[in-house]
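K.L.:
Mind having a look at this structure? Questions to follow.
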Amino acid sequence: MLLLVSPDGVEEALDCAKAAEHLDIVDVKKPDEGSLGANFPWVIREIRDAVPADKPVSATVGDVPYKPGTVAQAALGAAVSGATYIKVGLYGCTTPEQAIDVMRGVVRAVKDYRPDALVVASGYADAHRIGCVNPLAVPDIAARAGCDAAMLDTAVKDGTRLFDHVPPEECAEFVRRTHRGDLLAALAGSVKVGDLDVLHRIGTDIVGVRGAVCEGGDRNAGRIQPHLVAAFRAEMDRHAREQAAAAVTAG
């Protein structure tokens, strides 16, 4: 399982760089513009320059409306700015058809420029609160649009968490559907250390965190701490070892 950490700017990205050996992907977003708020192109470039070259950068393009052309241009901008993973929050898409329309435009725009970039279709665990596509529809949307990954996050950052809206058994189904499409499955949304056992067990490929590695566990007032990133990774590795050992015993 890969660890994605989301700094809120260049200064926090430098803190991520200090913990680079413990994380896999540095994510660029702008939280004051939404759950998957898009940051400026120059911030993506600065963060790309701030972290080690072997650590891929992901960038969100926003909690997007159903405007395929607009979103495709935004996604290309993220790729041009140095992002390897391009994440699109399907906030304003109310049907799978709308979401596929948006994501096909993104895939074409990004892949024409950089074929090795990875496009991520992101739905919301709390979709019922904002009226967007059902979380369990996202894997099929991603597969039909030619994406590389499907993701779930939470749209409303009010203290509720991924599993509050999509319980573990439904997250497991999300991962199964994503893997059937030969895509990566990413989960985020106030994920804590205590969730790692479930996330490993259901086969999550990428886990996204912020609050869990911020001072005081506060994603807004706290700042990412390198030692907390290291501790989170240590717990990830411990769970991976235990599940590997259990699999050997069961076999």
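Chain labels follow the order of the structure tokens: the first chain is A, the next B, and so on; residue numbering restarts at 1 in every chain, and ligands are counted from 1 in their shown order.
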Env of A:Ala240: 10 Å cut, atoms = only C-alpha atoms, seq-sep filter 2 positions within chain, self excluded. Answer as a ChimeraX atom specification.

P.N.:
/A:1,196-197,200-201,234-238,242-246

K.L.:
So that I have them on file, write out the residues from the current selection with C-alpha atoms, as a JSON list (two decimals), in the first residue's frame.

P.N.:
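Okay, part39.json is ready:
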```json
[["chain", "number", "residue", "atom", "x", "y", "z"],
["A", 1, "MET", "CA", 0.00, 0.00, 0.00],
["A", 196, "LEU", "CA", -4.92, 0.58, 8.63],
["A", 197, "ASP", "CA", -5.84, -2.99, 9.48],
["A", 200, "HIS", "CA", -4.73, -3.49, 4.27],
["A", 201, "ARG", "CA", -7.19, -6.34, 4.58],
["A", 234, "ALA", "CA", 5.85, 2.27, 10.58],
["A", 235, "GLU", "CA", 2.30, 1.24, 11.43],
["A", 236, "MET", "CA", 1.56, 0.61, 7.75],
["A", 237, "ASP", "CA", 4.59, -1.62, 7.51],
["A", 238, "ARG", "CA", 3.67, -3.47, 10.71],
["A", 242, "GLU", "CA", 1.28, -9.19, 10.09],
["A", 243, "GLN", "CA", -1.07, -9.80, 7.18],
["A", 244, "ALA", "CA", 1.71, -11.42, 5.15],
["A", 245, "ALA", "CA", 2.50, -13.71, 8.08],
["A", 246, "ALA", "CA", -1.18, -14.57, 8.52]]
```

K.L.:
Where does stretch 118-231 of chain A meet stretch 63-67 of chain A within 12 Å, residue by residue, with the nearest atom pair and distance in Å to one decimal for each, counting only C-alpha atoms, listed by chain and rising number, as a Markdown table?

P.N.:
```
| residue | atom | partner | partner_atom | distance |
| --- | --- | --- | --- | --- |
| A:Ala121 | CA | A:Val64 | CA | 11.1 |
| A:Ser122 | CA | A:Asp63 | CA | 9.2 |
| A:Gly123 | CA | A:Asp63 | CA | 9.6 |
| A:Tyr124 | CA | A:Asp63 | CA | 10.0 |
| A:Ile130 | CA | A:Asp63 | CA | 11.2 |
| A:Cys132 | CA | A:Pro65 | CA | 10.1 |
| A:Val133 | CA | A:Tyr66 | CA | 11.6 |
| A:Asp153 | CA | A:Asp63 | CA | 11.1 |
| A:Thr154 | CA | A:Asp63 | CA | 11.0 |
| A:Ala155 | CA | A:Asp63 | CA | 8.4 |
| A:Val156 | CA | A:Asp63 | CA | 11.2 |
```

K.L.:
Okay, now the selection with N, CA and C atoms, as a PDB file, in the first residue's frame?

P.N.:
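Below is the file that was written, result.pdb:
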```
ATOM      1  N   ALA A 121      -9.948   9.175 -11.041  1.00  0.00           N
ATOM      2  CA  ALA A 121     -11.328   9.628 -10.893  1.00  0.00           C
ATOM      3  C   ALA A 121     -11.707   9.503  -9.427  1.00  0.00           C
ATOM      4  N   SER A 122     -12.047  10.618  -8.807  1.00  0.00           N
ATOM      5  CA  SER A 122     -12.344  10.607  -7.375  1.00  0.00           C
ATOM      6  C   SER A 122     -13.809  10.907  -7.115  1.00  0.00           C
ATOM      7  N   GLY A 123     -14.442   9.978  -6.411  1.00  0.00           N
ATOM      8  CA  GLY A 123     -15.797  10.194  -5.930  1.00  0.00           C
ATOM      9  C   GLY A 123     -15.770  10.547  -4.460  1.00  0.00           C
ATOM     10  N   TYR A 124     -16.964  10.655  -3.875  1.00  0.00           N
ATOM     11  CA  TYR A 124     -17.067  11.099  -2.489  1.00  0.00           C
ATOM     12  C   TYR A 124     -17.880  10.097  -1.674  1.00  0.00           C
ATOM     13  N   ILE A 130     -24.149  15.776  -1.086  1.00  0.00           N
ATOM     14  CA  ILE A 130     -23.921  16.813  -2.100  1.00  0.00           C
ATOM     15  C   ILE A 130     -24.588  16.496  -3.437  1.00  0.00           C
ATOM     16  N   CYS A 132     -23.891  14.046  -5.734  1.00  0.00           N
ATOM     17  CA  CYS A 132     -23.073  13.596  -6.877  1.00  0.00           C
ATOM     18  C   CYS A 132     -23.188  12.080  -7.030  1.00  0.00           C
ATOM     19  N   VAL A 133     -22.427  11.522  -7.945  1.00  0.00           N
ATOM     20  CA  VAL A 133     -22.547  10.108  -8.287  1.00  0.00           C
ATOM     21  C   VAL A 133     -22.270   9.206  -7.082  1.00  0.00           C
ATOM     22  N   ASP A 153     -12.947   9.935  -1.340  1.00  0.00           N
ATOM     23  CA  ASP A 153     -12.570  10.873  -0.288  1.00  0.00           C
ATOM     24  C   ASP A 153     -13.878  11.377   0.311  1.00  0.00           C
ATOM     25  N   THR A 154     -13.806  12.298   1.247  1.00  0.00           N
ATOM     26  CA  THR A 154     -15.011  12.927   1.776  1.00  0.00           C
ATOM     27  C   THR A 154     -15.090  14.355   1.269  1.00  0.00           C
ATOM     28  N   ALA A 155     -16.291  14.788   0.935  1.00  0.00           N
ATOM     29  CA  ALA A 155     -16.479  16.131   0.383  1.00  0.00           C
ATOM     30  C   ALA A 155     -16.564  17.181   1.481  1.00  0.00           C
ATOM     31  N   VAL A 156     -17.275  16.856   2.552  1.00  0.00           N
ATOM     32  CA  VAL A 156     -17.499  17.805   3.639  1.00  0.00           C
ATOM     33  C   VAL A 156     -16.557  17.460   4.782  1.00  0.00           C
TER      34      VAL A 156
END
```

K.L.:
Enumerate, as a list in words, the complete set of residues in stretch 162-199 of chain A that a backbone-based DSSP assignment places in helix (DSSP H, G or I).

P.N.:
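The residues of stretch 162-199 of chain A classed as helix (DSSP H, G or I) are Leu162, Phe163, Asp164, His165, Pro168, Glu169, Glu170, Cys171, Ala172, Glu173, Phe174, Val175, Arg176, Arg177, Thr178, His179, Arg180, Val193, Gly194, Asp195, Leu196, Asp197, Val198 and Leu199 of chain A.
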
K.L.:
Can you tell me which residues surround A:Gly77 at a distance of at most 12 Å, considering only C-alpha atoms, apart from same-chain residues fewer than 4 positions away, and format the answer as a count of residues only?

P.N.:
25

K.L.:
At a cut-off of 8 Å, using only C-alpha atoms, what residues contact A:Leu2? Leave out same-chain residues fewer than 4 positions from it and give the result as a PyMOL selection string.

P.N.:
chain A and resi 23-25+205-207

K.L.:
Between atom CA of A:Tyr91 and atom CA of A:Gly222, measure the distance and give it in Å to one decimal.

P.N.:
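Atom-to-atom, atom CA of A:Tyr91 and atom CA of A:Gly222 are spaced 26.4 Å apart.
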
K.L.:
Of the residues A:Ala186, A:Leu4, A:Ala137, A:Val51, which is the one nearest to A:Ile100, using only C-alpha atoms?

P.N.:
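Closest to A:Ile100, using only C-alpha atoms: A:Ala137.
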
K.L.:
Would you mind telling me which residue in A:Glu11, A:Asp140, A:Glu33, A:Asp49 lies nearest to A:Ala185 when using only C-alpha atoms?

P.N.:
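Result for the nearest residue to A:Ala185: A:Asp140.
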